[in-house]
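Quick look at structure-v2.pdb (PDB, C-alpha atoms):
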MODEL        1
ATOM      1  CA  MET W   1       2.074  15.149  16.541  1.00  0.00           C
ATOM      2  CA  ILE W   2      -0.123  13.230  14.147  1.00  0.00           C
ATOM      3  CA  LYS W   3       1.006   9.690  13.374  1.00  0.00           C
ATOM      4  CA  THR W   4       1.193   9.320   9.588  1.00  0.00           C
ATOM      5  CA  TYR W   5       1.989   6.149   7.664  1.00  0.00           C
ATOM      6  CA  ILE W   6       3.379   6.348   4.150  1.00  0.00           C
ATOM      7  CA  LEU W   7       3.399   3.215   2.016  1.00  0.00           C
ATOM      8  CA  CYS W   8       6.832   3.312   0.453  1.00  0.00           C
ATOM      9  CA  ASN W   9       9.904   1.147   0.148  1.00  0.00           C
ATOM     10  CA  LYS W  10      12.963   3.375  -0.150  1.00  0.00           C
ATOM     11  CA  ASP W  11      15.056   0.550  -1.624  1.00  0.00           C
ATOM     12  CA  LYS W  12      12.555  -0.346  -4.349  1.00  0.00           C
ATOM     13  CA  GLU W  13      11.195   3.167  -4.971  1.00  0.00           C
ATOM     14  CA  PRO W  14      14.138   5.510  -4.367  1.00  0.00           C
ATOM     15  CA  ARG W  15      12.731   8.310  -6.557  1.00  0.00           C
ATOM     16  CA  ARG W  16       9.322   8.190  -4.891  1.00  0.00           C
ATOM     17  CA  PHE W  17      10.933   8.063  -1.456  1.00  0.00           C
ATOM     18  CA  GLN W  18      13.083  11.092  -2.260  1.00  0.00           C
ATOM     19  CA  SER W  19      10.064  12.947  -3.651  1.00  0.00           C
ATOM     20  CA  VAL W  20       8.126  12.316  -0.443  1.00  0.00           C
ATOM     21  CA  GLN W  21      11.129  13.418   1.620  1.00  0.00           C
ATOM     22  CA  ASN W  22      11.361  16.626  -0.417  1.00  0.00           C
ATOM     23  CA  GLN W  23       7.665  17.383   0.105  1.00  0.00           C
ATOM     24  CA  ILE W  24       7.935  16.754   3.840  1.00  0.00           C
ATOM     25  CA  LYS W  25      10.844  19.164   4.021  1.00  0.00           C
ATOM     26  CA  LYS W  26       9.297  21.771   1.693  1.00  0.00           C
ATOM     27  CA  PHE W  27       6.087  22.001   3.718  1.00  0.00           C
ATOM     28  CA  ASN W  28       7.719  21.549   7.153  1.00  0.00           C
ATOM     29  CA  LEU W  29       5.562  18.500   7.798  1.00  0.00           C
ATOM     30  CA  SER W  30       8.034  16.864  10.153  1.00  0.00           C
ATOM     31  CA  GLU W  31       7.096  19.505  12.741  1.00  0.00           C
ATOM     32  CA  THR W  32       3.477  18.338  12.921  1.00  0.00           C
ATOM     33  CA  LEU W  33       3.582  14.755  11.647  1.00  0.00           C
ATOM     34  CA  ASP W  34       5.140  11.666  13.190  1.00  0.00           C
ATOM     35  CA  ILE W  35       5.948   9.932   9.902  1.00  0.00           C
ATOM     36  CA  GLU W  36       6.559   6.211   9.572  1.00  0.00           C
ATOM     37  CA  TYR W  37       7.262   4.499   6.274  1.00  0.00           C
ATOM     38  CA  PHE W  38       5.450   1.197   5.976  1.00  0.00           C
ATOM     39  CA  ASN W  39       6.192  -1.717   3.683  1.00  0.00           C
ATOM     40  CA  TYR W  40       4.694  -5.179   3.995  1.00  0.00           C
ATOM     41  CA  ILE W  41       4.918  -6.644   0.499  1.00  0.00           C
ATOM     42  CA  TRP W  42       5.806  -5.296  -2.920  1.00  0.00           C
ATOM     43  CA  GLY W  43       4.560  -6.194  -6.382  1.00  0.00           C
ATOM     44  CA  ASP W  44       7.620  -8.234  -7.260  1.00  0.00           C
ATOM     45  CA  GLU W  45       6.962 -10.397  -4.185  1.00  0.00           C
ATOM     46  CA  ILE W  46       3.456 -11.483  -5.235  1.00  0.00           C
ATOM     47  CA  THR W  47       3.405 -15.219  -5.873  1.00  0.00           C
ATOM     48  CA  GLN W  48       0.826 -17.488  -7.481  1.00  0.00           C
ATOM     49  CA  GLU W  49      -0.096 -18.699  -3.986  1.00  0.00           C
ATOM     50  CA  ILE W  50      -0.876 -15.108  -2.911  1.00  0.00           C
ATOM     51  CA  ARG W  51      -2.939 -14.585  -6.071  1.00  0.00           C
ATOM     52  CA  LYS W  52      -4.922 -17.772  -5.390  1.00  0.00           C
ATOM     53  CA  LYS W  53      -5.539 -16.734  -1.780  1.00  0.00           C
ATOM     54  CA  TYR W  54      -6.696 -13.155  -2.415  1.00  0.00           C
ATOM     55  CA  CYS W  55      -7.973 -13.005  -6.006  1.00  0.00           C
ATOM     56  CA  LYS W  56     -10.891 -15.404  -5.859  1.00  0.00           C
ATOM     57  CA  SER W  57     -13.617 -13.475  -7.631  1.00  0.00           C
ATOM     58  CA  ASP W  58     -14.160 -10.273  -9.496  1.00  0.00           C
ATOM     59  CA  LYS W  59     -17.526  -9.291  -7.974  1.00  0.00           C
ATOM     60  CA  SER W  60     -16.274  -5.933  -6.720  1.00  0.00           C
ATOM     61  CA  MET W  61     -14.499  -5.272 -10.006  1.00  0.00           C
ATOM     62  CA  MET W  62     -17.738  -5.619 -11.939  1.00  0.00           C
ATOM     63  CA  LEU W  63     -19.191  -2.468 -10.376  1.00  0.00           C
ATOM     64  CA  PRO W  64     -19.376   0.763 -12.365  1.00  0.00           C
ATOM     65  CA  PRO W  65     -17.424   2.576 -13.634  1.00  0.00           C
ATOM     66  CA  ASN W  66     -14.788  -0.142 -14.156  1.00  0.00           C
ATOM     67  CA  TYR W  67     -16.697  -3.267 -15.210  1.00  0.00           C
ATOM     68  CA  ARG W  68     -13.387  -5.073 -15.121  1.00  0.00           C
ATOM     69  CA  SER W  69     -13.103  -8.837 -15.422  1.00  0.00           C
ATOM     70  CA  MET W  70     -10.314 -10.918 -13.872  1.00  0.00           C
ATOM     71  CA  LYS W  71     -10.275 -13.011 -17.054  1.00  0.00           C
ATOM     72  CA  LYS W  72      -9.909 -10.083 -19.444  1.00  0.00           C
ATOM     73  CA  LYS W  73      -7.767  -7.799 -17.295  1.00  0.00           C
ATOM     74  CA  PRO W  74      -6.596  -9.405 -14.031  1.00  0.00           C
ATOM     75  CA  LEU W  75      -5.269  -7.398 -11.124  1.00  0.00           C
ATOM     76  CA  THR W  76      -1.621  -6.467 -11.454  1.00  0.00           C
ATOM     77  CA  ASN W  77       0.916  -7.461  -8.832  1.00  0.00           C
ATOM     78  CA  GLY W  78       1.167  -3.786  -7.912  1.00  0.00           C
ATOM     79  CA  GLU W  79      -2.588  -3.536  -7.292  1.00  0.00           C
ATOM     80  CA  ILE W  80      -2.551  -6.663  -5.148  1.00  0.00           C
ATOM     81  CA  SER W  81       0.439  -5.497  -3.118  1.00  0.00           C
ATOM     82  CA  LEU W  82      -1.116  -2.058  -2.590  1.00  0.00           C
ATOM     83  CA  PHE W  83      -4.258  -3.685  -1.178  1.00  0.00           C
ATOM     84  CA  LEU W  84      -2.227  -5.986   1.076  1.00  0.00           C
ATOM     85  CA  ASN W  85      -0.058  -3.089   2.284  1.00  0.00           C
ATOM     86  CA  TYR W  86      -3.173  -1.107   3.241  1.00  0.00           C
ATOM     87  CA  ILE W  87      -4.641  -4.087   5.098  1.00  0.00           C
ATOM     88  CA  GLU W  88      -1.410  -4.804   6.995  1.00  0.00           C
ATOM     89  CA  CYS W  89      -0.943  -1.126   7.835  1.00  0.00           C
ATOM     90  CA  LEU W  90      -4.483  -1.006   9.257  1.00  0.00           C
ATOM     91  CA  LYS W  91      -3.758  -4.150  11.297  1.00  0.00           C
ATOM     92  CA  LYS W  92      -0.622  -2.492  12.673  1.00  0.00           C
ATOM     93  CA  ILE W  93      -2.574   0.641  13.645  1.00  0.00           C
ATOM     94  CA  ARG W  94      -5.283  -1.442  15.292  1.00  0.00           C
ATOM     95  CA  LYS W  95      -2.724  -3.459  17.255  1.00  0.00           C
ATOM     96  CA  GLU W  96      -0.632  -0.501  18.385  1.00  0.00           C
ATOM     97  CA  TYR W  97      -3.396   1.985  19.051  1.00  0.00           C
ATOM     98  CA  SER W  98      -6.279  -0.074  20.389  1.00  0.00           C
ATOM     99  CA  VAL W  99      -7.961   1.198  23.520  1.00  0.00           C
TER     100      VAL W  99
ENDMDL
END

Here is the file; what I need is its structure written in the form of structure tokens.
Amino acid sequence: MIKTYILCNKDKEPRRFQSVQNQIKKFNLSETLDIEYFNYIWGDEITQEIRKKYCKSDKSMMLPPNYRSMKKKPLTNGEISLFLNYIECLKKIRKEYSV
């Protein structure tokens, strides 16, 4: 079995959750994958304090092809939460599967 994490909150994204469930069933993925849904923080939980802590500069956003400025088009709460969910999921994997 391959441990697989899916970033999804079934309460906040019921249609997406159901779609993922349907795909897992359709392709018989539950036979080969050990699936765990992971949710640390969602876009509607992003506060000004979180923005101040994690959105300090736009150096990486200024790279091609985006050339995006935090002043002209700041990160959305969804983009911030996606990043934080990835980071926390990686921390969880590191903690639980370290050798």

What gap, in Å, lies between CA of Glu79 (chain W) and CA of Tyr67 (chain W)?
->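 The value is 16.2 Å.
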
What do you get, as a VMD selection string, if you spell out every residue that the PyMOL selection byres ((chain W and resi 55) around 12) selects here?
-> chain W and resid 46 to 54 56 to 61 69 to 71 74 to 77 79 to 81 83 to 84

What lies within 12 Å of region 6-19 of chain W using all atoms listed in the file, ignoring chain neighbours under 2 positions off, as a PyMOL selection string?
-> chain W and resi 3-4+21-26+33-45+81-90

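Compared by their closest atoms to Ile2 (chain W), and using all atoms listed in the file, the residues W:Tyr97, W:Lys73, W:Thr32, W:Val20 rank with W:Thr32 nearest.
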
As AutoDock Vina command-line options: centre and edge lengths in Å, one decimal, of the axis-aligned box holding region 21-28 of chain W with 5 Å per side:
--center_x 8.7 --center_y 17.7 --center_z 3.4 --size_x 15.3 --size_y 18.6 --size_z 17.6
